[in-house]
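So this one's start-v1.cif, mmCIF, C-alpha atoms and all ligand atoms:
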data_data
loop_
_atom_site.label_atom_id
_atom_site.label_comp_id
_atom_site.auth_asym_id
_atom_site.auth_seq_id
_atom_site.Cartn_x
_atom_site.Cartn_y
_atom_site.Cartn_z
CA MET A 441 -10.34 -30.33 10.45
CA LYS A 442 -13.32 -28.22 11.49
CA ALA A 443 -13.69 -24.47 12.02
CA ASP A 444 -16.64 -22.10 12.18
CA TYR A 445 -14.83 -19.66 9.92
CA LEU A 446 -12.08 -20.40 7.44
CA ILE A 447 -10.09 -17.30 6.53
CA VAL A 448 -7.78 -17.39 3.54
CA GLY A 449 -4.93 -14.88 3.95
CA ALA A 450 -3.10 -13.71 7.08
CA GLY A 451 -2.59 -10.08 6.02
CA PHE A 452 -4.30 -7.05 7.57
CA THR A 453 -7.70 -8.06 6.19
CA GLY A 454 -7.59 -11.70 7.30
CA ALA A 455 -5.98 -10.96 10.67
CA THR A 456 -8.54 -8.25 11.53
CA LEU A 457 -11.45 -10.50 10.59
CA ALA A 458 -9.96 -13.43 12.53
CA GLU A 459 -9.32 -11.35 15.64
CA ARG A 460 -12.82 -9.83 15.66
CA ILE A 461 -14.64 -13.10 15.02
CA ALA A 462 -12.60 -15.01 17.60
CA SER A 463 -12.79 -12.40 20.35
CA GLN A 464 -16.26 -10.90 19.77
CA LEU A 465 -18.28 -13.86 18.48
CA GLY A 466 -16.39 -16.56 20.34
CA LYS A 467 -16.21 -18.65 17.16
CA LYS A 468 -13.41 -20.98 16.08
CA VAL A 469 -11.34 -19.54 13.26
CA LEU A 470 -8.79 -21.22 11.03
CA VAL A 471 -6.52 -18.84 9.12
CA VAL A 472 -4.57 -20.31 6.20
CA ASP A 473 -1.89 -18.59 4.15
CA ARG A 474 0.18 -20.02 1.33
CA ARG A 475 3.20 -18.09 2.48
CA ASP A 476 5.29 -19.42 5.36
CA HIS A 477 4.59 -16.39 7.56
CA ILE A 478 1.78 -14.15 8.82
CA GLY A 479 1.41 -10.43 7.96
CA GLY A 480 0.70 -10.57 4.23
CA ASN A 481 2.55 -7.84 2.37
CA ALA A 482 3.23 -5.95 5.61
CA TYR A 483 5.50 -8.76 6.89
CA ASP A 484 8.83 -7.55 8.31
CA GLU A 485 11.93 -9.40 9.53
CA HIS A 486 15.47 -8.66 10.71
CA ASP A 487 18.18 -9.00 8.08
CA ALA A 488 21.70 -10.35 8.74
CA HIS A 489 22.79 -6.92 10.09
CA GLY A 490 19.82 -6.49 12.42
CA VAL A 491 17.95 -4.01 10.23
CA LEU A 492 14.18 -4.54 10.33
CA VAL A 493 13.29 -4.84 6.63
CA HIS A 494 9.99 -5.29 4.82
CA ARG A 495 10.16 -8.27 2.47
CA TYR A 496 7.32 -7.07 0.24
CA GLY A 497 8.21 -3.41 0.01
CA PRO A 498 8.43 -0.55 2.52
CA HIS A 499 5.21 -0.04 4.50
CA ILE A 500 4.48 3.24 6.29
CA PHE A 501 1.38 3.48 8.44
CA HIS A 502 -0.88 6.53 8.13
CA THR A 503 -4.59 7.05 8.64
CA ASN A 504 -7.29 9.62 9.30
CA SER A 505 -9.47 6.99 10.89
CA LYS A 506 -9.56 7.16 14.67
CA ARG A 507 -11.42 3.86 14.62
CA VAL A 508 -8.60 2.06 12.78
CA TRP A 509 -5.94 3.77 14.89
CA ASP A 510 -7.63 2.82 18.16
CA TYR A 511 -8.22 -0.72 16.95
CA LEU A 512 -4.61 -1.38 15.93
CA SER A 513 -3.31 0.37 19.06
CA ARG A 514 -4.58 -2.62 21.06
CA PHE A 515 -1.89 -4.74 19.43
CA THR A 516 1.07 -2.42 19.25
CA GLU A 517 2.77 0.61 20.67
CA TRP A 518 3.82 3.15 18.10
CA ARG A 519 6.92 5.06 17.15
CA PRO A 520 5.97 8.50 15.78
CA TYR A 521 7.25 8.78 12.21
CA PHE A 522 6.61 11.27 9.44
CA HIS A 523 7.67 9.83 6.11
CA ARG A 524 9.67 12.17 3.90
CA VAL A 525 10.19 11.60 0.21
CA ARG A 526 12.32 13.42 -2.30
CA ALA A 527 12.27 13.15 -6.07
CA VAL A 528 15.28 13.69 -8.29
CA VAL A 529 14.22 16.25 -10.89
CA GLU A 530 16.75 17.67 -13.30
CA GLY A 531 19.56 16.57 -11.00
CA LYS A 532 18.07 18.23 -7.90
CA GLU A 533 16.38 16.52 -4.95
CA ILE A 534 13.02 18.17 -4.37
CA PRO A 535 10.41 17.47 -1.66
CA LEU A 536 7.50 15.24 -2.67
CA PRO A 537 4.51 15.67 -2.87
CA PHE A 538 5.37 18.60 -5.12
CA SER A 539 4.79 21.65 -2.88
CA LEU A 540 5.62 25.33 -2.50
CA ALA A 541 8.93 24.13 -1.04
CA SER A 542 9.60 22.15 -4.26
CA LEU A 543 8.97 25.25 -6.37
CA ARG A 544 11.67 27.09 -4.47
CA LYS A 545 14.21 24.33 -5.16
CA LEU A 546 13.65 24.47 -8.92
CA PHE A 547 12.75 27.97 -10.07
CA SER A 548 14.11 31.49 -9.70
CA GLU A 549 12.78 33.47 -6.74
CA GLN A 550 10.76 35.67 -9.08
CA LEU A 551 9.08 32.77 -10.88
CA ALA A 552 8.53 30.84 -7.63
CA ASP A 553 6.87 33.93 -6.06
CA ARG A 554 4.55 34.28 -9.05
CA LEU A 555 3.60 30.59 -9.11
CA GLU A 556 3.02 30.56 -5.36
CA GLU A 557 0.78 33.61 -5.61
CA LYS A 558 -1.25 32.00 -8.41
CA LEU A 559 -1.59 28.68 -6.57
CA LEU A 560 -2.76 30.47 -3.43
CA ALA A 561 -5.25 32.61 -5.36
CA HIS A 562 -6.73 29.65 -7.28
CA PHE A 563 -6.74 26.92 -4.66
CA GLY A 564 -5.96 28.42 -1.23
CA TYR A 565 -3.25 27.51 1.26
CA GLY A 566 -3.32 23.84 2.22
CA ALA A 567 -5.12 22.67 -0.95
CA ARG A 568 -4.26 19.26 -2.40
CA VAL A 569 -4.53 19.49 -6.16
CA PRO A 570 -4.33 16.31 -8.27
CA ILE A 571 -1.90 16.77 -11.16
CA LEU A 572 -4.55 15.82 -13.74
CA ARG A 573 -6.74 18.61 -12.35
CA LEU A 574 -3.92 21.15 -12.32
CA LYS A 575 -3.34 20.31 -16.00
CA GLU A 576 -6.80 21.71 -16.76
CA ALA A 577 -5.90 25.16 -15.40
CA GLU A 578 -6.38 28.01 -17.85
CA ASP A 579 -3.91 30.43 -16.33
CA PRO A 580 -0.70 30.23 -18.41
CA ASP A 581 1.59 30.15 -15.36
CA LEU A 582 -0.37 27.32 -13.77
CA ARG A 583 -0.42 25.47 -17.09
CA PHE A 584 3.34 25.81 -17.30
CA LEU A 585 3.68 24.47 -13.75
CA ALA A 586 1.28 21.60 -14.42
CA GLU A 587 3.14 20.57 -17.57
CA TYR A 588 6.46 20.78 -15.76
CA VAL A 589 5.35 18.66 -12.81
CA TYR A 590 3.52 16.21 -15.06
CA ARG A 591 6.57 15.69 -17.25
CA ASN A 592 9.20 15.62 -14.52
CA VAL A 593 7.42 13.90 -11.66
CA PHE A 594 4.51 11.82 -12.97
CA GLU A 595 4.98 10.75 -16.56
CA GLY A 596 8.17 8.71 -16.37
CA TYR A 597 7.45 7.29 -12.93
CA THR A 598 3.95 6.17 -13.94
CA LEU A 599 5.20 4.63 -17.18
CA LYS A 600 7.73 2.63 -15.18
CA GLN A 601 5.37 1.70 -12.35
CA TRP A 602 2.29 0.80 -14.39
CA GLY A 603 3.47 0.50 -18.00
CA VAL A 604 0.91 3.17 -19.03
CA ARG A 605 0.57 6.97 -18.86
CA PRO A 606 -1.23 8.73 -15.98
CA GLU A 607 -4.38 9.45 -18.06
CA GLU A 608 -4.79 5.74 -18.83
CA LEU A 609 -5.35 4.96 -15.13
CA SER A 610 -8.13 6.01 -12.79
CA PRO A 611 -7.37 9.63 -11.76
CA SER A 612 -7.39 8.38 -8.16
CA VAL A 613 -3.95 6.79 -8.73
CA THR A 614 -1.97 10.00 -9.34
CA ALA A 615 -4.28 11.89 -6.93
CA ARG A 616 -2.62 9.88 -4.14
CA VAL A 617 0.34 12.25 -4.51
CA PRO A 618 -1.29 15.66 -5.11
CA VAL A 619 0.42 19.00 -5.68
CA LEU A 620 0.42 20.55 -2.21
CA VAL A 621 -0.27 24.24 -1.86
CA SER A 622 1.71 24.45 1.35
CA TYR A 623 5.17 24.09 2.82
CA ASP A 624 4.33 20.77 4.44
CA GLU A 625 7.23 18.48 3.51
CA ARG A 626 5.65 15.26 4.83
CA TYR A 627 4.65 12.62 2.26
CA PHE A 628 1.34 12.02 4.07
CA GLN A 629 -0.87 14.58 5.77
CA ASP A 630 -2.98 12.11 7.78
CA THR A 631 -3.87 12.74 11.42
CA TYR A 632 -2.17 9.57 12.61
CA GLN A 633 1.28 8.66 11.27
CA ALA A 634 3.50 6.14 13.02
CA MET A 635 5.29 2.83 12.75
CA PRO A 636 4.53 -0.18 14.98
CA LYS A 637 7.23 0.00 17.65
CA GLU A 638 8.32 -3.63 17.35
CA GLY A 639 7.35 -3.97 13.72
CA TYR A 640 4.37 -5.30 11.80
CA THR A 641 5.01 -9.01 12.33
CA ALA A 642 4.92 -8.53 16.12
CA LEU A 643 1.62 -6.66 15.73
CA PHE A 644 0.18 -9.54 13.69
CA ARG A 645 1.39 -12.09 16.21
CA ARG A 646 -0.61 -10.32 18.91
CA MET A 647 -3.69 -10.01 16.71
CA LEU A 648 -3.66 -13.73 15.98
CA SER A 649 -2.74 -15.02 19.43
CA HIS A 650 -6.27 -15.80 20.58
CA PRO A 651 -7.25 -19.27 21.82
CA ASN A 652 -10.02 -19.42 19.18
CA ILE A 653 -7.60 -18.80 16.30
CA ARG A 654 -5.47 -21.44 14.61
CA VAL A 655 -3.03 -20.47 11.86
CA LEU A 656 -1.91 -22.85 9.14
CA LEU A 657 1.00 -21.56 7.08
CA GLY A 658 2.40 -22.81 3.78
CA ALA A 659 -1.11 -23.94 2.86
CA ASP A 660 -2.92 -22.81 -0.27
CA TRP A 661 -6.71 -22.59 -0.20
CA LYS A 662 -6.79 -25.13 -3.03
CA GLU A 663 -4.97 -27.68 -0.85
CA VAL A 664 -7.21 -27.29 2.20
CA GLU A 665 -10.50 -26.86 0.32
CA GLY A 666 -11.58 -30.48 0.69
CA GLU A 667 -9.85 -31.06 4.04
CA VAL A 668 -11.48 -28.44 6.25
CA ARG A 669 -15.14 -28.28 7.21
CA PHE A 670 -16.38 -24.77 7.85
CA ASP A 671 -19.59 -22.75 7.98
CA ARG A 672 -18.25 -19.65 6.29
CA LEU A 673 -15.26 -18.79 4.16
CA LEU A 674 -13.66 -15.33 4.14
CA PHE A 675 -11.34 -15.07 1.15
CA THR A 676 -8.67 -12.34 0.93
CA GLY A 677 -6.71 -13.73 -2.03
CA PRO A 678 -7.25 -12.70 -5.68
CA ILE A 679 -10.95 -12.96 -6.50
CA ASP A 680 -10.30 -13.94 -10.15
CA GLU A 681 -8.09 -16.82 -8.99
CA PHE A 682 -10.85 -18.06 -6.65
CA PHE A 683 -13.21 -18.39 -9.61
CA GLY A 684 -10.61 -20.09 -11.81
CA HIS A 685 -10.33 -16.95 -13.98
CA LEU A 686 -13.84 -17.65 -15.27
CA HIS A 687 -14.13 -14.16 -16.77
CA GLY A 688 -10.46 -13.88 -17.72
CA PRO A 689 -7.58 -12.76 -15.49
CA LEU A 690 -7.74 -9.42 -13.68
CA PRO A 691 -4.53 -7.47 -14.37
CA TYR A 692 -2.07 -6.83 -11.55
CA ARG A 693 1.24 -5.04 -11.46
CA SER A 694 4.23 -6.56 -9.71
CA LEU A 695 7.58 -5.40 -8.35
CA ARG A 696 11.02 -6.85 -7.80
CA PHE A 697 12.80 -5.64 -4.66
CA GLN A 698 16.56 -5.45 -4.55
CA LEU A 699 17.88 -5.06 -1.02
CA GLU A 700 21.42 -3.80 -0.46
CA THR A 701 23.28 -3.43 2.81
CA HIS A 702 26.06 -0.85 3.09
CA PRO A 703 28.69 -0.60 5.87
CA VAL A 704 27.77 3.02 6.63
CA PRO A 705 25.24 4.37 9.17
CA TRP A 706 23.11 6.18 6.57
CA ALA A 707 22.67 6.04 2.79
CA GLN A 708 20.25 8.91 2.14
CA GLU A 709 18.79 11.89 4.01
CA VAL A 710 15.15 10.84 3.92
CA GLY A 711 13.11 7.63 3.99
CA THR A 712 12.54 7.42 0.25
CA VAL A 713 14.09 8.97 -2.86
CA ASN A 714 12.05 8.71 -6.08
CA TYR A 715 13.61 8.63 -9.54
CA PRO A 716 10.81 9.61 -11.94
CA SER A 717 12.94 10.12 -15.04
CA GLU A 718 16.08 8.03 -14.66
CA HIS A 719 17.02 4.41 -13.87
CA PRO A 720 14.78 1.36 -14.34
CA PHE A 721 13.82 1.44 -10.63
CA THR A 722 11.21 3.90 -9.31
CA ARG A 723 12.41 4.55 -5.77
CA VAL A 724 14.91 3.70 -3.08
CA THR A 725 13.87 3.38 0.56
CA GLU A 726 16.21 3.23 3.53
CA PHE A 727 14.56 1.14 6.22
CA LYS A 728 16.37 2.67 9.21
CA HIS A 729 14.48 5.94 8.73
CA LEU A 730 11.25 3.97 9.12
CA THR A 731 12.32 1.78 12.02
CA GLY A 732 14.35 4.28 14.03
CA GLN A 733 17.40 1.98 14.17
CA GLY A 734 19.86 4.84 13.77
CA TYR A 735 22.20 3.16 16.29
CA LEU A 736 23.13 0.32 13.87
CA PRO A 737 26.47 0.63 12.04
CA HIS A 738 25.07 -0.75 8.76
CA THR A 739 22.11 0.33 6.68
CA THR A 740 19.81 -1.49 4.25
CA VAL A 741 18.05 0.06 1.28
CA ALA A 742 15.40 -1.37 -1.08
CA TYR A 743 15.26 -0.61 -4.80
CA GLU A 744 11.84 -1.13 -6.42
CA TYR A 745 11.80 -2.44 -9.99
CA PRO A 746 8.28 -2.56 -11.46
CA GLU A 747 7.42 -5.53 -13.64
CA ALA A 748 4.48 -7.34 -15.22
CA TYR A 749 2.68 -9.83 -12.99
CA GLU A 750 3.36 -13.42 -13.96
CA PRO A 751 1.50 -16.00 -11.84
CA GLY A 752 3.91 -18.39 -10.17
CA ARG A 753 6.92 -16.14 -10.78
CA ASN A 754 6.09 -13.01 -8.79
CA GLU A 755 3.35 -11.48 -6.64
CA PRO A 756 0.14 -9.63 -7.63
CA TYR A 757 1.04 -6.51 -5.64
CA TYR A 758 -1.16 -3.88 -7.27
CA PRO A 759 -4.64 -4.11 -8.77
CA VAL A 760 -4.62 -1.84 -11.83
CA PRO A 761 -7.33 0.82 -11.35
CA ARG A 762 -8.89 1.53 -14.75
CA GLU A 763 -12.42 1.27 -16.10
CA GLU A 764 -12.06 -1.89 -18.20
CA ASN A 765 -10.61 -3.76 -15.20
CA GLU A 766 -13.38 -2.47 -12.96
CA GLU A 767 -15.91 -3.88 -15.46
CA ARG A 768 -14.26 -7.29 -15.36
CA TYR A 769 -14.10 -7.14 -11.57
CA ARG A 770 -17.86 -6.50 -11.48
CA LEU A 771 -18.41 -9.82 -13.30
CA TYR A 772 -16.55 -11.54 -10.49
CA LEU A 773 -18.52 -9.61 -7.90
CA LYS A 774 -21.71 -11.01 -9.47
CA GLU A 775 -20.31 -14.54 -9.08
CA ALA A 776 -19.40 -13.74 -5.47
CA GLU A 777 -22.94 -12.59 -4.70
CA LYS A 778 -24.26 -16.04 -5.68
CA LEU A 779 -22.20 -17.68 -2.92
CA LYS A 780 -23.85 -17.09 0.43
CA ALA A 781 -21.20 -18.88 2.50
CA VAL A 782 -18.23 -17.06 0.96
CA LEU A 783 -17.28 -13.42 1.49
CA PHE A 784 -14.44 -11.54 -0.22
CA ALA A 785 -12.37 -8.66 1.15
CA GLY A 786 -8.94 -7.06 0.98
CA ARG A 787 -6.73 -5.57 -1.67
CA LEU A 788 -6.93 -8.75 -3.76
CA GLY A 789 -10.39 -9.95 -2.76
CA ASP A 790 -12.00 -6.57 -3.49
CA TYR A 791 -9.54 -5.70 -6.28
CA ARG A 792 -9.01 -2.28 -4.67
CA TYR A 793 -5.84 -0.21 -4.27
CA TYR A 794 -6.18 -0.16 -0.45
CA ASN A 795 -3.62 1.19 1.96
CA MET A 796 -3.21 -0.80 5.18
CA ASP A 797 -5.67 1.36 7.11
CA GLN A 798 -8.28 0.99 4.38
CA ALA A 799 -7.86 -2.79 4.45
CA VAL A 800 -8.44 -2.73 8.22
CA ALA A 801 -11.43 -0.36 7.91
CA ARG A 802 -12.98 -2.62 5.27
CA ALA A 803 -12.43 -5.70 7.47
CA LEU A 804 -13.98 -4.00 10.51
CA LYS A 805 -17.02 -3.10 8.39
CA LEU A 806 -17.32 -6.61 7.00
CA PHE A 807 -17.09 -7.98 10.52
CA GLU A 808 -20.20 -5.97 11.43
CA GLU A 809 -22.06 -7.69 8.57
CA VAL A 810 -20.76 -11.08 9.65
CA ALA A 811 -21.82 -10.42 13.25
CA ARG A 812 -25.36 -9.53 12.12
CA GLY A 813 -25.50 -13.03 10.60
P1 LIG B 901 -2.26 -8.97 1.68
O1 LIG B 901 -1.36 -8.29 2.64
O2 LIG B 901 -1.82 -9.11 0.26
O3 LIG B 901 -2.59 -10.42 2.27
C1 LIG B 901 -3.23 -11.42 1.50
C2 LIG B 901 -2.66 -12.76 1.94
O4 LIG B 901 -3.43 -13.79 1.32
C3 LIG B 901 -1.23 -12.98 1.50
O5 LIG B 901 -0.42 -13.26 2.62
C4 LIG B 901 -1.31 -14.16 0.54
O6 LIG B 901 -0.20 -15.04 0.64
C5 LIG B 901 -2.58 -14.84 0.98
N1 LIG B 901 -3.22 -15.63 -0.08
C6 LIG B 901 -3.64 -15.18 -1.30
N2 LIG B 901 -4.19 -16.18 -2.00
C7 LIG B 901 -4.13 -17.30 -1.22
C8 LIG B 901 -4.53 -18.64 -1.39
N3 LIG B 901 -5.13 -19.07 -2.52
N4 LIG B 901 -4.31 -19.53 -0.39
C9 LIG B 901 -3.70 -19.13 0.76
N5 LIG B 901 -3.30 -17.84 0.98
C10 LIG B 901 -3.51 -16.95 0.00
N6 LIG B 901 -0.08 0.45 2.61
C11 LIG B 901 0.10 1.49 3.46
O7 LIG B 901 -0.82 1.85 4.21
N7 LIG B 901 1.32 2.14 3.54
C12 LIG B 901 2.37 1.78 2.77
O8 LIG B 901 3.44 2.39 2.85
C13 LIG B 901 2.19 0.72 1.84
N8 LIG B 901 3.21 0.35 1.04
C14 LIG B 901 3.02 -0.68 0.16
C15 LIG B 901 4.08 -1.04 -0.66
C16 LIG B 901 3.93 -2.07 -1.56
C17 LIG B 901 5.08 -2.44 -2.46
C18 LIG B 901 2.69 -2.78 -1.63
C19 LIG B 901 2.52 -3.91 -2.59
C20 LIG B 901 1.65 -2.42 -0.83
C21 LIG B 901 1.79 -1.37 0.08
N9 LIG B 901 0.76 -0.99 0.92
C22 LIG B 901 0.93 0.06 1.79
C23 LIG B 901 -0.56 -1.67 0.88
C24 LIG B 901 -0.66 -2.82 1.88
O9 LIG B 901 0.30 -3.80 1.56
C25 LIG B 901 -2.07 -3.40 1.77
O10 LIG B 901 -3.05 -2.43 2.04
C26 LIG B 901 -2.31 -4.55 2.77
O11 LIG B 901 -1.25 -5.45 2.79
C27 LIG B 901 -3.59 -5.27 2.38
O12 LIG B 901 -3.81 -6.34 3.23
P2 LIG B 901 -4.60 -7.62 2.73
O13 LIG B 901 -4.73 -8.50 3.91
O14 LIG B 901 -5.84 -7.20 2.03
O15 LIG B 901 -3.69 -8.27 1.61
N1 LIG B 902 3.65 8.95 -8.74
C1 LIG B 902 4.46 9.50 -9.71
N2 LIG B 902 5.67 10.01 -9.34
C2 LIG B 902 6.11 9.98 -8.07
C3 LIG B 902 5.28 9.42 -7.08
C4 LIG B 902 4.05 8.89 -7.45
O1 LIG B 902 4.13 9.51 -10.88
O2 LIG B 902 7.23 10.45 -7.81
C5 LIG B 902 2.35 8.40 -9.18
C6 LIG B 902 2.54 6.98 -9.74
O3 LIG B 902 1.56 6.74 -10.73
C7 LIG B 902 2.31 6.15 -8.50
C8 LIG B 902 1.13 6.89 -7.88
O4 LIG B 902 1.45 8.29 -8.09
O5 LIG B 902 2.01 4.82 -8.82
C9 LIG B 902 0.89 6.63 -6.43
O6 LIG B 902 2.09 6.85 -5.71
P1 LIG B 902 2.30 6.21 -4.26
O7 LIG B 902 3.58 6.73 -3.72
O8 LIG B 902 1.08 6.42 -3.46
O9 LIG B 902 2.43 4.66 -4.64
P2 LIG B 902 2.59 3.34 -3.75
O10 LIG B 902 3.34 3.74 -2.51
O11 LIG B 902 1.21 2.84 -3.48
O12 LIG B 902 3.36 2.43 -4.65
#
Rewritten as structure tokens:
Amino acid sequence: MKADYLIVGAGFTGATLAERIASQLGKKVLVVDRRDHIGGNAYDEHDAHGVLVHRYGPHIFHTNSKRVWDYLSRFTEWRPYFHRVRAVVEGKEIPLPFSLASLRKLFSEQLADRLEEKLLAHFGYGARVPILRLKEAEDPDLRFLAEYVYRNVFEGYTLKQWGVRPEELSPSVTARVPVLVSYDERYFQDTYQAMPKEGYTALFRRMLSHPNIRVLLGADWKEVEGEVRFDRLLFTGPIDEFFGHLHGPLPYRSLRFQLETHPVPWAQEVGTVNYPSEHPFTRVTEFKHLTGQGYLPHTTVAYEYPEAYEPGRNEPYYPVPREENEERYRLYLKEAEKLKAVLFAGRLGDYRYYNMDQAVARALKLFEEVARG
């Protein structure tokens, strides 16, 4: 077999690179993926009751990048969707991110008024304050609030999700879900928030349906390595695996998803309910909120159980952002720089905690480099 470009991985990174190279450079591209489907972790499929479910965990699209939005809009129509999340705190369901609305659910009117006033005075309406920053506040009321939110929203959840406390991870991890000084009850505040109208897999099918693109599924890079001739390799799998773990394995965190279908139209009021302090699972997502299939008589929910990554048994879903891992990753990056014909990208190739839009943005940028030659 011969291709100009061999791309390992048919997720957002690989599919974007393949589409750009095939359509803009007119080159022949072979995309291989060891799974038996395209879409990477964003893959979705209909379950036995017709609910469109995400096999590798619920995926909600959001971005501030007009470039990414416009690019993906060529391959899908969108269904407007604002994701809402609640967390169970001391038996009450409160809006997440923790906001002025959450305060009102938990505290007396007098205390909530005082805390709101202090938050507004210190940070201003609309501010997004990472919990680890709020914890540094000197004002006693804000300290109380920070301790409360840390203990009831972040500590237990992070211990379950990552196996370590929030301070042991890069601050960027908990900063993804800041304390919001506003009454905005949406989980994301991005300019563009929507779900692909016919799902992610349909979007990927359109991205990859170019005469210059061939897709080979159920094929690991290791199996095709000696079989395919190519000028350049774009690798979106785990970078440490590519180099045979030369510098030791990079840590990843995994999840087990338990899907349950119930013979009722709805199971919960919002897309996701988080359980920071109880149960071994972190959150429960009801897919119909995401897909807009309110007309179906059944509903399907996904429980997320965090677990250690064990190669061969589960998937490397999350790179673990902390300094010592970044150092190890940099050793791999040095190896990568020695290989002129191989480029790495994606959540696993770059060892970065990318959202879907960031994976696409990174791929679009890499394409520009590729196009320059
Ligand atoms: P992937 O989607 O992981 O694709 C990599 C592909 O490479 C895989 O299909 C894999 O099988 C293949 N591969 C790897 N190694 C090899 C090999 N040796 N040979 C052949 N094939 C190989 N982002 C959001 O924006 N919103 C969300 O709500 C959201 N929710 C998420 C929930 C979970 C549980 C997870 C894990 C991620 C979530 N993400 C979300 C992030 C999103 O999944 C990623 O940003 C995106 O999938 C990254 O795309 P990628 O192509 O880089 O990687
Ligand atoms: N987080 C938390 N409690 C919550 C929600 C999030 O402690 O109720 C922390 C936790 O460390 C989590 C991180 O914030 O891993 C990022 O959350 P996000 O919802 O962005 O995670 P993802 O959807 O990527 O799994």
Note to self: I need the residue nearest ligand LIG 901 (chain B) from this list: A:Arg573, A:Arg568, A:Arg654, A:Arg802. Use all atoms listed in the file for the distance.
What the structure shows: A:Arg802
Check: Mind pulling up the distance from atom CA of A:Asn795 to atom CA of A:Arg616?
Finding: 10.7 Å
Notebook entry, point to check: In Å to one decimal, how far is atom O7 of ligand LIG 901 (chain B) from atom CA of A:His502?
Noted result: 6.1 Å
Next item on the list: List all protein, DNA and RNA residues that have at least one atom no more than 6 Å from any atom of ligand LIG 901 (chain B), counting only C-alpha atoms and all ligand atoms, and write them as an NGL selection string.
Entry: :A and (448-454 or 472-475 or 480-482 or 496-501 or 659-661 or 676-678 or 757-758 or 786-787 or 794-797 or 799)
Go through chain A residue by residue and, counting all atoms listed in the file, keep those with an atom at most 8 Å from ligand LIG 902 (chain B); for each kept residue give the shortest atom pair and its distance in Å to one decimal, ordered by chain and increasing number, as a Markdown table.
| residue | atom | partner | partner_atom | distance |
| --- | --- | --- | --- | --- |
| A:Ala527 | CA | B:LIG902 | O2 | 6.0 |
| A:Leu536 | CA | B:LIG902 | O2 | 7.0 |
| A:Pro537 | CA | B:LIG902 | C3 | 7.6 |
| A:Tyr590 | CA | B:LIG902 | O1 | 7.9 |
| A:Val593 | CA | B:LIG902 | N2 | 4.9 |
| A:Phe594 | CA | B:LIG902 | O1 | 3.1 |
| A:Glu595 | CA | B:LIG902 | O1 | 5.9 |
| A:Gly596 | CA | B:LIG902 | O1 | 6.9 |
| A:Tyr597 | CA | B:LIG902 | O1 | 4.5 |
| A:Thr598 | CA | B:LIG902 | O3 | 4.0 |
| A:Leu599 | CA | B:LIG902 | O3 | 7.7 |
| A:Gln601 | CA | B:LIG902 | O5 | 5.8 |
| A:Trp602 | CA | B:LIG902 | O5 | 6.9 |
| A:Pro606 | CA | B:LIG902 | O3 | 6.3 |
| A:Val613 | CA | B:LIG902 | C8 | 5.2 |
| A:Thr614 | CA | B:LIG902 | O4 | 4.0 |
| A:Ala615 | CA | B:LIG902 | O4 | 6.9 |
| A:Arg616 | CA | B:LIG902 | O8 | 5.1 |
| A:Val617 | CA | B:LIG902 | O4 | 5.5 |
| A:Asn714 | CA | B:LIG902 | O2 | 5.4 |
| A:Tyr715 | CA | B:LIG902 | O2 | 6.9 |
| A:Pro716 | CA | B:LIG902 | O2 | 5.5 |
| A:Thr722 | CA | B:LIG902 | O2 | 7.8 |
| A:Tyr793 | CA | B:LIG902 | O11 | 7.7 |
| A:Asn795 | CA | B:LIG902 | O11 | 7.5 |
For stretch 705-714 of chain A in the structure I just supplied, write out N, CA and C atoms - as a short mmCIF file (atom, residue, chain, number, x, y, z; two decimals), in the first residue's frame.
data_model
loop_
_atom_site.label_atom_id
_atom_site.label_comp_id
_atom_site.auth_asym_id
_atom_site.auth_seq_id
_atom_site.Cartn_x
_atom_site.Cartn_y
_atom_site.Cartn_z
N PRO A 705 -39.57 8.55 30.20
CA PRO A 705 -39.06 9.55 29.23
C PRO A 705 -37.82 10.28 29.73
N TRP A 706 -37.77 10.59 31.02
CA TRP A 706 -36.63 11.35 31.55
C TRP A 706 -36.17 10.79 32.89
N ALA A 707 -34.87 10.87 33.16
CA ALA A 707 -34.32 10.37 34.43
C ALA A 707 -33.89 11.50 35.34
N GLN A 708 -33.45 12.62 34.76
CA GLN A 708 -33.00 13.75 35.59
C GLN A 708 -33.30 15.07 34.86
N GLU A 709 -33.29 16.17 35.65
CA GLU A 709 -33.74 17.45 35.07
C GLU A 709 -32.75 18.09 34.12
N VAL A 710 -31.46 17.79 34.31
CA VAL A 710 -30.44 18.43 33.48
C VAL A 710 -29.52 17.38 32.86
N GLY A 711 -28.67 17.82 31.94
CA GLY A 711 -27.80 16.90 31.21
C GLY A 711 -26.94 16.04 32.12
N THR A 712 -26.31 16.68 33.10
CA THR A 712 -25.39 15.93 33.97
C THR A 712 -25.62 16.28 35.44
N VAL A 713 -25.57 15.27 36.29
CA VAL A 713 -25.57 15.50 37.74
C VAL A 713 -24.25 14.94 38.30
N ASN A 714 -23.50 15.80 38.99
CA ASN A 714 -22.21 15.40 39.59
C ASN A 714 -22.42 14.99 41.04
#
